[in-house]
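Structure below is entry-v5.cif: mmCIF, C-alpha atoms and all ligand atoms.
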data_input
loop_
_atom_site.label_atom_id
_atom_site.label_comp_id
_atom_site.auth_asym_id
_atom_site.auth_seq_id
_atom_site.Cartn_x
_atom_site.Cartn_y
_atom_site.Cartn_z
CA MET A 1 48.92 77.25 110.58
CA SER A 2 52.65 76.62 110.79
CA VAL A 3 53.84 73.03 110.59
CA LEU A 4 56.71 72.56 113.05
CA ASP A 5 56.82 68.78 113.45
CA PRO A 6 60.12 67.82 111.73
CA THR A 7 58.78 65.02 109.53
CA ALA A 8 55.65 66.91 108.52
CA LEU A 9 57.66 70.07 107.85
CA LEU A 10 60.19 68.28 105.64
CA ASP A 11 57.36 66.54 103.77
CA LYS A 12 55.65 69.89 103.21
CA ALA A 13 58.91 71.43 101.97
CA ALA A 14 59.63 68.46 99.69
CA ARG A 15 56.21 68.89 98.07
CA GLY A 16 57.31 72.40 97.17
CA GLU A 17 54.64 74.03 99.32
CA ARG A 18 55.33 77.56 100.50
CA LEU A 19 56.72 77.84 104.05
CA ASP A 20 56.03 80.69 106.44
CA HIS A 21 58.45 82.48 108.75
CA ALA A 22 58.10 80.05 111.66
CA GLU A 23 58.55 77.06 109.35
CA ILE A 24 61.63 78.49 107.63
CA THR A 25 63.16 79.35 111.02
CA ARG A 26 62.44 75.80 112.21
CA LEU A 27 64.44 74.32 109.31
CA TYR A 28 67.68 75.47 110.96
CA ASP A 29 67.03 73.09 113.90
CA LEU A 30 66.55 70.00 111.71
CA PRO A 31 69.31 67.55 110.70
CA LEU A 32 71.35 69.10 107.91
CA GLY A 33 71.33 65.95 105.80
CA ASP A 34 67.52 65.90 105.79
CA VAL A 35 67.25 69.59 104.89
CA ALA A 36 69.91 69.19 102.18
CA ALA A 37 68.09 66.22 100.64
CA VAL A 38 64.89 68.28 100.34
CA ALA A 39 66.80 71.27 98.96
CA HIS A 40 68.56 69.15 96.34
CA GLY A 41 65.27 67.55 95.33
CA LEU A 42 63.74 71.00 94.81
CA ARG A 43 66.83 72.14 92.87
CA LEU A 44 66.35 69.20 90.49
CA LEU A 45 62.73 70.24 89.94
CA ARG A 46 63.18 74.03 89.69
CA ALA A 47 66.37 74.19 87.57
CA ASP A 48 67.66 71.92 84.79
CA PRO A 49 68.56 68.74 86.73
CA ASP A 50 71.50 67.85 84.48
CA VAL A 51 73.14 71.25 84.12
CA VAL A 52 75.28 73.54 86.25
CA THR A 53 75.72 77.01 84.79
CA TYR A 54 78.39 79.71 85.07
CA LEU A 55 79.05 83.16 83.64
CA ILE A 56 82.26 84.57 82.17
CA ASP A 57 82.56 88.08 83.51
CA ARG A 58 84.71 90.58 85.28
CA ASN A 59 84.19 92.79 88.29
CA ILE A 60 85.43 96.33 87.81
CA ASN A 61 85.66 98.58 90.84
CA TYR A 62 85.89 102.02 89.26
CA THR A 63 86.68 103.83 92.53
CA ASN A 64 87.51 102.82 96.07
CA VAL A 65 86.67 106.24 97.52
CA CYS A 66 83.59 105.92 99.70
CA ASN A 67 81.84 108.02 102.31
CA VAL A 68 79.71 105.23 103.80
CA GLY A 69 82.42 103.50 105.83
CA CYS A 70 80.85 100.09 106.49
CA ASN A 71 82.48 98.28 109.41
CA PHE A 72 82.80 95.09 107.36
CA CYS A 73 84.56 96.69 104.38
CA ALA A 74 88.31 96.53 103.80
CA PHE A 75 88.03 97.89 100.28
CA TYR A 76 87.06 101.53 100.74
CA ARG A 77 89.36 104.53 101.25
CA THR A 78 88.79 108.18 102.02
CA ASP A 79 89.87 110.51 99.23
CA ARG A 80 92.86 111.63 101.33
CA GLN A 81 94.42 108.18 101.61
CA LYS A 82 97.41 107.49 99.41
CA ASP A 83 95.93 104.41 97.78
CA ALA A 84 92.57 106.00 96.96
CA TYR A 85 91.84 105.70 93.25
CA THR A 86 89.32 106.39 90.50
CA LEU A 87 89.83 104.64 87.18
CA ASP A 88 89.72 106.61 83.96
CA TYR A 89 87.85 105.39 80.88
CA ALA A 90 90.99 104.03 79.21
CA GLN A 91 91.86 101.91 82.24
CA ILE A 92 88.34 100.49 82.32
CA SER A 93 88.41 99.87 78.56
CA HIS A 94 91.63 97.90 78.93
CA LYS A 95 90.01 95.65 81.53
CA ILE A 96 86.97 95.05 79.32
CA ALA A 97 89.17 94.19 76.34
CA GLU A 98 90.84 91.51 78.47
CA LEU A 99 87.42 90.10 79.32
CA GLN A 100 86.31 90.07 75.69
CA ALA A 101 89.48 88.21 74.76
CA VAL A 102 88.31 85.23 76.83
CA GLY A 103 84.69 85.26 75.67
CA GLY A 104 83.24 87.28 78.55
CA THR A 105 79.76 88.73 78.24
CA ARG A 106 79.26 91.17 81.10
CA ILE A 107 80.95 93.47 83.54
CA LEU A 108 79.82 93.94 87.12
CA MET A 109 80.92 97.48 87.79
CA GLN A 110 80.66 98.87 91.28
CA GLY A 111 82.55 101.31 93.41
CA GLY A 112 82.50 103.18 96.64
CA VAL A 113 80.04 106.02 97.11
CA ASN A 114 82.38 108.75 95.90
CA PRO A 115 81.13 112.31 96.50
CA LYS A 116 83.78 113.78 94.19
CA LEU A 117 82.53 112.29 90.93
CA PRO A 118 80.01 114.21 88.80
CA LEU A 119 77.05 112.54 87.10
CA GLU A 120 78.84 113.09 83.78
CA TYR A 121 81.58 110.66 84.88
CA TYR A 122 78.99 107.86 85.04
CA THR A 123 77.00 108.70 81.93
CA GLY A 124 80.20 109.28 79.95
CA LEU A 125 81.60 105.97 81.17
CA LEU A 126 78.50 104.03 80.16
CA ARG A 127 78.51 105.63 76.69
CA HIS A 128 82.23 104.99 76.30
CA ILE A 129 81.78 101.30 77.09
CA LYS A 130 78.81 100.87 74.77
CA THR A 131 80.69 102.63 71.97
CA HIS A 132 83.92 100.67 72.31
CA HIS A 133 82.73 97.33 73.65
CA GLY A 134 79.48 96.43 71.91
CA GLY A 135 78.04 93.16 73.12
CA ILE A 136 79.23 93.60 76.69
CA ARG A 137 76.42 93.99 79.20
CA ILE A 138 76.94 96.62 81.85
CA GLU A 139 75.53 95.72 85.23
CA ALA A 140 76.59 98.53 87.48
CA PHE A 141 75.93 100.70 90.51
CA SER A 142 74.39 98.91 93.48
CA PRO A 143 71.40 100.36 95.35
CA GLU A 144 73.90 101.91 97.79
CA GLU A 145 75.53 103.86 94.96
CA ILE A 146 72.16 104.90 93.51
CA LEU A 147 71.15 106.16 96.97
CA GLY A 148 74.38 108.18 97.05
CA PHE A 149 73.67 109.58 93.57
CA GLU A 150 70.22 110.69 94.77
CA LYS A 151 71.87 112.77 97.48
CA PHE A 152 74.78 114.07 95.38
CA PHE A 153 72.80 115.01 92.28
CA GLY A 154 69.42 115.94 93.81
CA MET A 155 67.56 113.44 91.63
CA SER A 156 65.25 110.54 92.45
CA ALA A 157 66.18 106.94 91.65
CA ASP A 158 63.47 107.05 89.02
CA GLU A 159 65.06 110.04 87.27
CA LEU A 160 68.61 108.76 87.72
CA LEU A 161 67.92 105.34 86.30
CA ASP A 162 66.28 106.88 83.22
CA VAL A 163 69.47 108.88 82.62
CA LEU A 164 71.76 105.90 83.27
CA ILE A 165 69.68 103.54 81.11
CA GLU A 166 69.75 106.04 78.26
CA ALA A 167 73.55 106.10 78.59
CA GLY A 168 73.83 102.29 78.46
CA LEU A 169 73.08 100.73 81.85
CA ASP A 170 71.74 97.16 81.55
CA GLY A 171 71.31 96.14 85.15
CA LEU A 172 71.92 96.73 88.82
CA PRO A 173 73.99 94.36 90.98
CA GLY A 174 72.21 93.23 94.14
CA ALA A 175 75.10 94.17 96.40
CA GLY A 176 74.25 95.77 99.71
CA GLY A 177 71.57 93.24 100.56
CA GLU A 178 73.51 91.36 103.26
CA ILE A 179 70.77 90.79 105.86
CA LEU A 180 67.79 93.01 105.10
CA GLU A 181 66.89 93.53 108.72
CA ASP A 182 67.76 97.01 109.97
CA GLU A 183 68.74 95.84 113.45
CA VAL A 184 71.54 93.76 111.89
CA ARG A 185 72.49 96.49 109.42
CA ALA A 186 72.70 99.21 112.07
CA LYS A 187 75.31 97.24 113.99
CA ALA A 188 77.34 96.14 110.97
CA ALA A 189 77.33 99.47 109.20
CA PRO A 190 75.47 102.42 110.77
CA ALA A 191 75.49 104.48 107.56
CA ARG A 192 74.66 101.55 105.26
CA ILE A 193 71.58 101.72 103.03
CA ARG A 194 68.54 100.64 105.00
CA THR A 195 66.17 97.87 104.00
CA GLU A 196 63.38 100.15 102.79
CA ASP A 197 65.70 102.08 100.47
CA TRP A 198 67.32 98.89 99.13
CA PHE A 199 63.93 97.51 98.08
CA ARG A 200 62.71 100.91 96.87
CA ILE A 201 65.64 101.22 94.46
CA ILE A 202 65.48 97.57 93.36
CA ASP A 203 61.77 98.01 92.72
CA VAL A 204 62.33 101.06 90.51
CA ALA A 205 65.07 99.20 88.61
CA GLN A 206 62.89 96.15 88.07
CA ARG A 207 59.96 98.25 86.89
CA LYS A 208 62.25 99.84 84.31
CA GLY A 209 63.25 96.41 83.01
CA LEU A 210 66.77 96.34 84.45
CA TYR A 211 68.47 93.11 85.44
CA THR A 212 68.73 92.61 89.21
CA ILE A 213 69.86 89.81 91.48
CA SER A 214 69.02 89.07 95.10
CA THR A 215 71.78 88.53 97.64
CA MET A 216 72.44 87.46 101.21
CA VAL A 217 75.52 87.56 103.43
CA ILE A 218 75.56 85.58 106.69
CA GLY A 219 77.90 85.79 109.65
CA PHE A 220 77.11 89.13 111.32
CA GLY A 221 75.70 87.36 114.38
CA GLU A 222 72.16 87.54 112.98
CA THR A 223 69.55 85.13 114.35
CA TYR A 224 67.90 82.37 112.35
CA ALA A 225 64.64 84.31 112.60
CA GLN A 226 66.37 87.33 111.01
CA ARG A 227 67.75 85.16 108.22
CA ALA A 228 64.27 83.76 107.60
CA ALA A 229 62.84 87.29 107.57
CA HIS A 230 65.46 88.32 104.99
CA LEU A 231 64.49 85.42 102.73
CA LEU A 232 60.80 86.25 103.04
CA LYS A 233 61.38 89.89 102.07
CA ILE A 234 63.27 88.72 98.97
CA ARG A 235 60.49 86.25 98.17
CA ASP A 236 57.80 88.90 98.63
CA GLN A 237 59.61 91.33 96.32
CA GLN A 238 59.90 88.58 93.72
CA ASP A 239 56.17 87.84 94.01
CA ARG A 240 55.33 91.52 93.53
CA ALA A 241 57.68 91.91 90.56
CA LEU A 242 56.46 88.79 88.79
CA ALA A 243 52.82 89.73 89.35
CA THR A 244 53.08 93.36 88.23
CA HIS A 245 55.58 93.39 85.34
CA GLY A 246 57.37 90.04 85.23
CA ASN A 247 60.91 91.39 85.65
CA GLY A 248 62.01 89.89 88.95
CA PHE A 249 65.40 88.92 90.31
CA ALA A 250 67.35 86.80 87.83
CA GLY A 251 68.88 84.72 90.60
CA PHE A 252 70.01 84.53 94.20
CA ALA A 253 73.61 84.69 95.44
CA MET A 254 74.69 84.09 99.02
CA TRP A 255 78.07 84.13 100.70
CA SER A 256 79.58 84.39 104.17
CA LEU A 257 81.00 87.50 105.77
CA GLN A 258 84.76 88.04 105.44
CA THR A 259 86.22 90.29 108.12
CA ALA A 260 90.03 90.32 107.68
CA HIS A 261 91.39 93.90 107.87
CA THR A 262 87.95 95.27 108.82
CA ARG A 263 86.59 96.77 112.02
CA LEU A 264 84.47 93.61 112.50
CA ALA A 265 87.56 91.36 112.66
CA GLY A 266 87.28 89.30 115.84
CA LYS A 267 83.84 90.75 116.57
CA ALA A 268 81.50 89.13 114.04
CA PRO A 269 81.30 85.32 114.12
CA GLY A 270 81.36 84.74 110.35
CA ALA A 271 80.06 81.37 109.17
CA THR A 272 81.59 77.92 108.85
CA ALA A 273 81.35 75.86 105.66
CA VAL A 274 78.60 73.78 107.29
CA GLU A 275 76.61 76.89 108.21
CA TYR A 276 77.02 78.15 104.66
CA LEU A 277 75.71 74.90 103.20
CA GLN A 278 72.84 74.85 105.67
CA GLN A 279 71.88 78.41 104.75
CA LEU A 280 72.05 77.59 101.06
CA ALA A 281 69.72 74.62 101.54
CA VAL A 282 67.25 76.71 103.57
CA ALA A 283 67.33 79.42 100.89
CA ARG A 284 66.56 76.88 98.14
CA ILE A 285 63.55 75.66 100.11
CA ALA A 286 62.31 79.14 101.07
CA LEU A 287 62.79 80.86 97.71
CA ASP A 288 60.21 78.93 95.75
CA ASN A 289 59.99 81.70 93.13
CA GLN A 290 63.70 81.83 92.24
CA PRO A 291 65.02 78.85 90.24
CA ASN A 292 68.60 80.10 89.89
CA ILE A 293 70.64 79.82 93.06
CA GLN A 294 74.41 80.35 93.07
CA ALA A 295 77.20 78.68 94.99
CA SER A 296 79.89 81.12 96.11
CA TRP A 297 83.41 79.91 95.42
CA PRO A 298 85.18 83.24 96.22
CA ALA A 299 84.07 83.17 99.85
CA GLN A 300 83.89 79.41 100.35
CA GLY A 301 86.54 77.94 98.10
CA PHE A 302 86.14 75.59 95.17
CA LYS A 303 85.54 72.45 97.19
CA VAL A 304 82.70 73.85 99.31
CA ALA A 305 81.21 75.38 96.16
CA GLN A 306 81.26 71.93 94.56
CA ALA A 307 79.52 70.43 97.62
CA ALA A 308 76.99 73.27 97.41
CA LEU A 309 75.74 71.75 94.14
CA TYR A 310 74.10 69.11 96.36
CA TYR A 311 72.70 71.64 98.85
CA GLY A 312 70.43 73.53 96.49
CA ALA A 313 72.80 75.45 94.19
CA SER A 314 72.44 75.12 90.42
CA ASP A 315 74.99 77.72 89.34
CA LEU A 316 78.65 78.50 90.06
CA GLY A 317 78.42 82.27 89.70
CA SER A 318 81.09 83.65 87.48
CA THR A 319 84.76 83.52 86.65
CA MET A 320 85.38 87.05 87.96
CA LEU A 321 88.58 87.86 86.12
CA GLU A 322 89.02 90.49 88.79
CA GLU A 323 87.57 90.80 92.28
CA ASN A 324 88.64 93.36 94.88
CA VAL A 325 86.00 93.63 97.58
CA VAL A 326 85.70 90.13 99.08
CA SER A 327 89.43 89.60 98.56
CA ALA A 328 90.29 92.78 100.51
CA ALA A 329 88.51 91.25 103.52
CA GLY A 330 90.08 87.80 103.20
CA GLY A 331 87.90 85.51 101.15
CA HIS A 332 89.15 82.00 100.61
CA GLY A 333 92.44 82.59 98.90
CA ARG A 334 91.16 82.49 95.33
CA HIS A 335 89.38 85.48 93.87
CA THR A 336 89.37 84.64 90.21
CA ALA A 337 88.62 81.40 88.42
CA THR A 338 89.25 80.23 84.90
CA GLU A 339 86.41 78.82 82.86
CA ARG A 340 88.22 75.48 82.94
CA GLU A 341 88.19 75.46 86.74
CA LEU A 342 84.43 76.09 86.88
CA VAL A 343 83.85 73.45 84.21
CA ARG A 344 85.89 71.04 86.26
CA ILE A 345 83.89 71.71 89.44
CA ALA A 346 80.58 71.07 87.65
CA HIS A 347 81.78 68.11 85.58
CA ASP A 348 83.44 66.30 88.47
CA ALA A 349 80.27 66.74 90.54
CA GLY A 350 78.30 64.87 87.88
CA PHE A 351 76.68 67.78 86.03
CA ARG A 352 76.90 69.14 82.50
CA PRO A 353 78.66 72.52 82.62
CA ALA A 354 77.08 75.33 80.60
CA GLN A 355 78.14 78.91 79.98
CA ARG A 356 75.17 81.22 80.56
CA ASN A 357 74.32 84.86 80.15
CA SER A 358 73.17 87.21 82.92
CA PHE A 359 69.62 85.87 82.65
CA PHE A 360 70.74 82.26 83.15
CA GLN A 361 70.07 81.42 79.51
CA ILE A 362 72.56 78.92 78.07
CA ILE A 363 75.10 80.36 75.62
CA ARG A 364 77.02 77.17 74.97
CA TYR A 365 77.90 73.79 76.38
CA PRO A 366 81.68 73.51 76.45
CA ASP A 367 83.16 70.13 75.63
CA ALA A 368 84.18 69.33 79.18
CA ARG A 369 86.16 66.21 78.30
CA GLU A 370 88.16 68.11 75.74
CA MET A 371 88.62 71.14 77.95
CA LEU A 372 89.81 69.04 80.86
CA ARG A 373 92.35 67.11 78.83
CA PRO A 374 95.23 66.89 79.73
CA ALA A 375 94.18 66.60 83.32
CA VAL A 376 94.14 69.91 85.14
CA PRO A 377 95.35 69.62 88.71
CA VAL A 378 92.44 69.99 91.11
CA ALA A 379 92.56 73.59 92.27
CA SER A 380 93.62 73.72 95.87
CA ASP A 381 91.64 75.78 98.35
S1 LIG B 1 80.81 98.10 101.37
FE1 LIG B 1 80.50 99.61 99.71
S2 LIG B 1 79.35 101.26 100.68
FE2 LIG B 1 80.28 100.09 102.36
S3 LIG B 1 82.26 101.11 102.75
FE3 LIG B 1 82.65 99.44 101.29
S4 LIG B 1 82.56 100.43 99.30
FE4 LIG B 1 81.54 101.82 100.76
#

Output the file's structure as structure tokens, nothing else.
Amino acid sequence: MSVLDPTALLDKAARGERLDHAEITRLYDLPLGDVAAVAHGLRLLRADPDVVTYLIDRNINYTNVCNVGCNFCAFYRTDRQKDAYTLDYAQISHKIAELQAVGGTRILMQGGVNPKLPLEYYTGLLRHIKTHHGGIRIEAFSPEEILGFEKFFGMSADELLDVLIEAGLDGLPGAGGEILEDEVRAKAAPARIRTEDWFRIIDVAQRKGLYTISTMVIGFGETYAQRAAHLLKIRDQQDRALATHGNGFAGFAMWSLQTAHTRLAGKAPGATAVEYLQQLAVARIALDNQPNIQASWPAQGFKVAQAALYYGASDLGSTMLEENVVSAAGGHGRHTATERELVRIAHDAGFRPAQRNSFFQIIRYPDAREMLRPAVPVASD
């Protein structure tokens, strides 16, 4: 039976006991400080209490041509627009070389759903990267793109992923999750991948051993009950994956909707910093089977991301030497970070910064005192 009395519910959450839908929904009505304290306590138990991790990576958006046309997207173009583009292999190689020069370990490569590109473009690109940039992990093609490939190439996700893995694919980004409730998705983006297909494709990817990450975007005007339902679907998928083959989501990333230059500008409420922190804390409590929870500095700014380290987050995401999608819709003014800036955020919040790989394993502990000397001005938001 659901526990809805505030004190009893917070005690249950603090003990790390699993909450149901009614209990998770109830958390949104409780004082934020109380919920945050529970979330931070769980973060200290479920992830290394002394360490805050980050990844050195780069987003590469290989094409902005897309036939899905989400109302919240300012990035996509039709192939007739003057600024439509598709990168060639040499342009992508140049970007990866820049990443390798600063010690980066992975690329997050996504694009629009471009009906003009043949399957050979993707397989050739993966092979090109593996040949010329050994050691770089390729996490590419969100479930939305894989769904598009199924339609374009007449193949199932199962068949496609075999071909893409053989060519060099290491993982799938979790983009396209937003709120995995079709009522919300239908309003925000009528042609967007539906919940069932998102989980179907993630499930195939996980069964094949690919890296995946779970995501959430708030601010569409969704209800607390819909947010709780989203978290439970993520948690259920993680339970299934861990029980059947052990390859679940590596982590959870959550950010707030950005609507500048989109058809949702002035129509969707977005989310304040306080709502973001509240949602992060609720996610930490609800997702008892995911130890690695990210703070989002691109959408929230460095200072809110630093505060998020006390609301359940244990990771600062990545440097993102390049980011084009959130920034096209506004973001928070900064869309790339240096390693030193992420180290500073973690160090100044009282944690030991650590560079990680995609699977949240530590690669190295930078010497924060040395790296931060001479004093770096605090990055302004
Ligand atoms: S969010 Fe992705 S799928 Fe939707 S329009 Fe933009 S590029 Fe296309």

Could you give me, as JSON lines, a per-residue list for region 210-252 of chain A showing, wherever an atom lies at most 10 Å from an atom of region 14-24 of chain A, the closest pair of atoms and their distance in Å to one decimal, using all atoms listed in the file and sorting by chain then residue number from low to high?
{"residue": "A:Tyr224", "atom": "CA", "partner": "A:Ile24", "partner_atom": "CA", "distance": 8.8}
{"residue": "A:Ala225", "atom": "CA", "partner": "A:His21", "partner_atom": "CA", "distance": 7.5}
{"residue": "A:Gln226", "atom": "CA", "partner": "A:His21", "partner_atom": "CA", "distance": 9.6}
{"residue": "A:Arg227", "atom": "CA", "partner": "A:Ile24", "partner_atom": "CA", "distance": 9.1}
{"residue": "A:Ala228", "atom": "CA", "partner": "A:Ile24", "partner_atom": "CA", "distance": 5.9}
{"residue": "A:Ala229", "atom": "CA", "partner": "A:His21", "partner_atom": "CA", "distance": 6.6}
{"residue": "A:His230", "atom": "CA", "partner": "A:His21", "partner_atom": "CA", "distance": 9.9}
{"residue": "A:Leu231", "atom": "CA", "partner": "A:Ile24", "partner_atom": "CA", "distance": 9.0}
{"residue": "A:Leu232", "atom": "CA", "partner": "A:His21", "partner_atom": "CA", "distance": 7.2}

Item to complete: Measuring atom to atom with all atoms listed in the file, identify which of A:Ile285, A:Leu108, A:Leu342, A:Cys70 is nearest to ligand LIG 1 (chain B).
Response: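 Distance minimum relative to ligand LIG 1 (chain B) lands on A:Cys70.
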
Worksheet entry | Residue with smallest distance to ligand LIG 1 (chain B) - pool A:Thr25, A:Thr53, A:Asn114, A:Thr86, counting all atoms listed in the file | A:Asn114

Worksheet entry | Two-atom distance - CA of Pro298 (chain A), CA of Asn71 (chain A) (Å) |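 CA of Asn71 (chain A) lies at a distance of 20.2 Å from CA of Pro298 (chain A).
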
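Straight-line separation from CA of Arg194 (chain A) to CA of Leu257 (chain A): 18.1 Å.
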
Worksheet item: Can I get the residues close to ligand LIG 1 (chain B) as number ranges by chain, where close means within 8 Å and we count all atoms listed in the file?
Response: A: 64-76, 111-113, 144-145, 176, 189, 192, 325

Fill in: 6 Å contact set for Ala39 (chain A), only C-alpha atoms, chain neighbours under 2 positions out, as an MDAnalysis selection string
chainID A and resid 36:37 41:42 281 284:285 311:312

Fill in: Atom pair CA of Gly171 (chain A) / CA of Val102 (chain A): separation (Å)
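Between CA of Gly171 (chain A) and CA of Val102 (chain A) the gap works out to 21.8 Å.
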
Worksheet entry | Test item: residues at most 8 Å from Arg106 (chain A), all atoms listed in the file, excluding those fewer than 3 positions along its chain, as an MDAnalysis selection string | chainID A and resid 56:58 136:139 358

Discussion item. What's around Ser142 (chain A) at 7 Å? Count all atoms listed in the file, leave out sequence neighbours fewer than 4 positions away in its own chain, and write the answer as JSON, numbers by chain.
Written reply: {"A": [110, 146, 172, 173, 174, 175, 176]}

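Closest approach to Asn59 (chain A) among A:Gln91, A:Gln258, A:Gln306, A:Thr336 is made by A:Thr336 (distances from all atoms listed in the file).
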
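For the set A:Arg340, A:Arg207, A:His132, A:His261, the residue with the smallest atom-to-atom gap to Pro353 (chain A) is A:Arg340, counting only C-alpha atoms.
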
Fill in: Counting only C-alpha atoms, the residue of A:Val35, A:Ala283, A:Ala157, A:Ile165 that sits nearest Asp203 (chain A)
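Answer, going by the shortest atom-to-atom distance: A:Ala157.
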
Fill in: Contact residues around Leu32 (chain A) with all atoms listed in the file at 12 Å, ignoring same-chain residues under 5 positions, as a list in words
Pro6, Leu10, Arg26, Leu27, Ala37, Val38, Ala39, His40, Val274, Glu275, Tyr276, Leu277, Gln278, Gln279, Leu280, Ala281, Val282, Tyr310 and Tyr311 of chain A

Discussion item. Between A:Lys151, A:Lys208, A:Lys116, A:Lys233, which residue has the minimum interatomic distance to Gly246 (chain A), considering all atoms listed in the file?
Written reply: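 Closest residue, counting all atoms listed in the file: A:Lys208.
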
Enumerate, in order of chain and increasing residue number, the residues of region 281-329 of chain A with an atom no farther than 10 Å from region 360-375 of chain A, each with its shortest atom pair and distance in Å to one decimal, counting all atoms listed in the file, as CSV.
residue,atom,partner,partner_atom,distance
A:Pro291,CA,A:Phe360,CA,9.7
A:Asn292,CA,A:Phe360,CA,7.4
A:Asp315,CA,A:Phe360,CA,8.8

Excluding Asp239 (chain A) and its own-chain neighbours fewer than 5 positions away, which residues fall within 12 Å of it when counting only C-alpha atoms? Please give them as a PDB file with C-alpha atoms, in the coordinates of the input.
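The resulting file, around.pdb, is reproduced below:
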ATOM      1  CA  ASP A 203      61.770  98.010  92.720  1.00  0.00           C
ATOM      2  CA  LEU A 232      60.800  86.250 103.040  1.00  0.00           C
ATOM      3  CA  LYS A 233      61.380  89.890 102.070  1.00  0.00           C
ATOM      4  CA  ILE A 234      63.270  88.720  98.970  1.00  0.00           C
ATOM      5  CA  THR A 244      53.080  93.360  88.230  1.00  0.00           C
ATOM      6  CA  HIS A 245      55.580  93.390  85.340  1.00  0.00           C
ATOM      7  CA  GLY A 246      57.370  90.040  85.230  1.00  0.00           C
ATOM      8  CA  ASN A 247      60.910  91.390  85.650  1.00  0.00           C
ATOM      9  CA  GLY A 248      62.010  89.890  88.950  1.00  0.00           C
ATOM     10  CA  PHE A 249      65.400  88.920  90.310  1.00  0.00           C
ATOM     11  CA  LEU A 287      62.790  80.860  97.710  1.00  0.00           C
ATOM     12  CA  ASP A 288      60.210  78.930  95.750  1.00  0.00           C
ATOM     13  CA  ASN A 289      59.990  81.700  93.130  1.00  0.00           C
ATOM     14  CA  GLN A 290      63.700  81.830  92.240  1.00  0.00           C
TER      15      GLN A 290
END
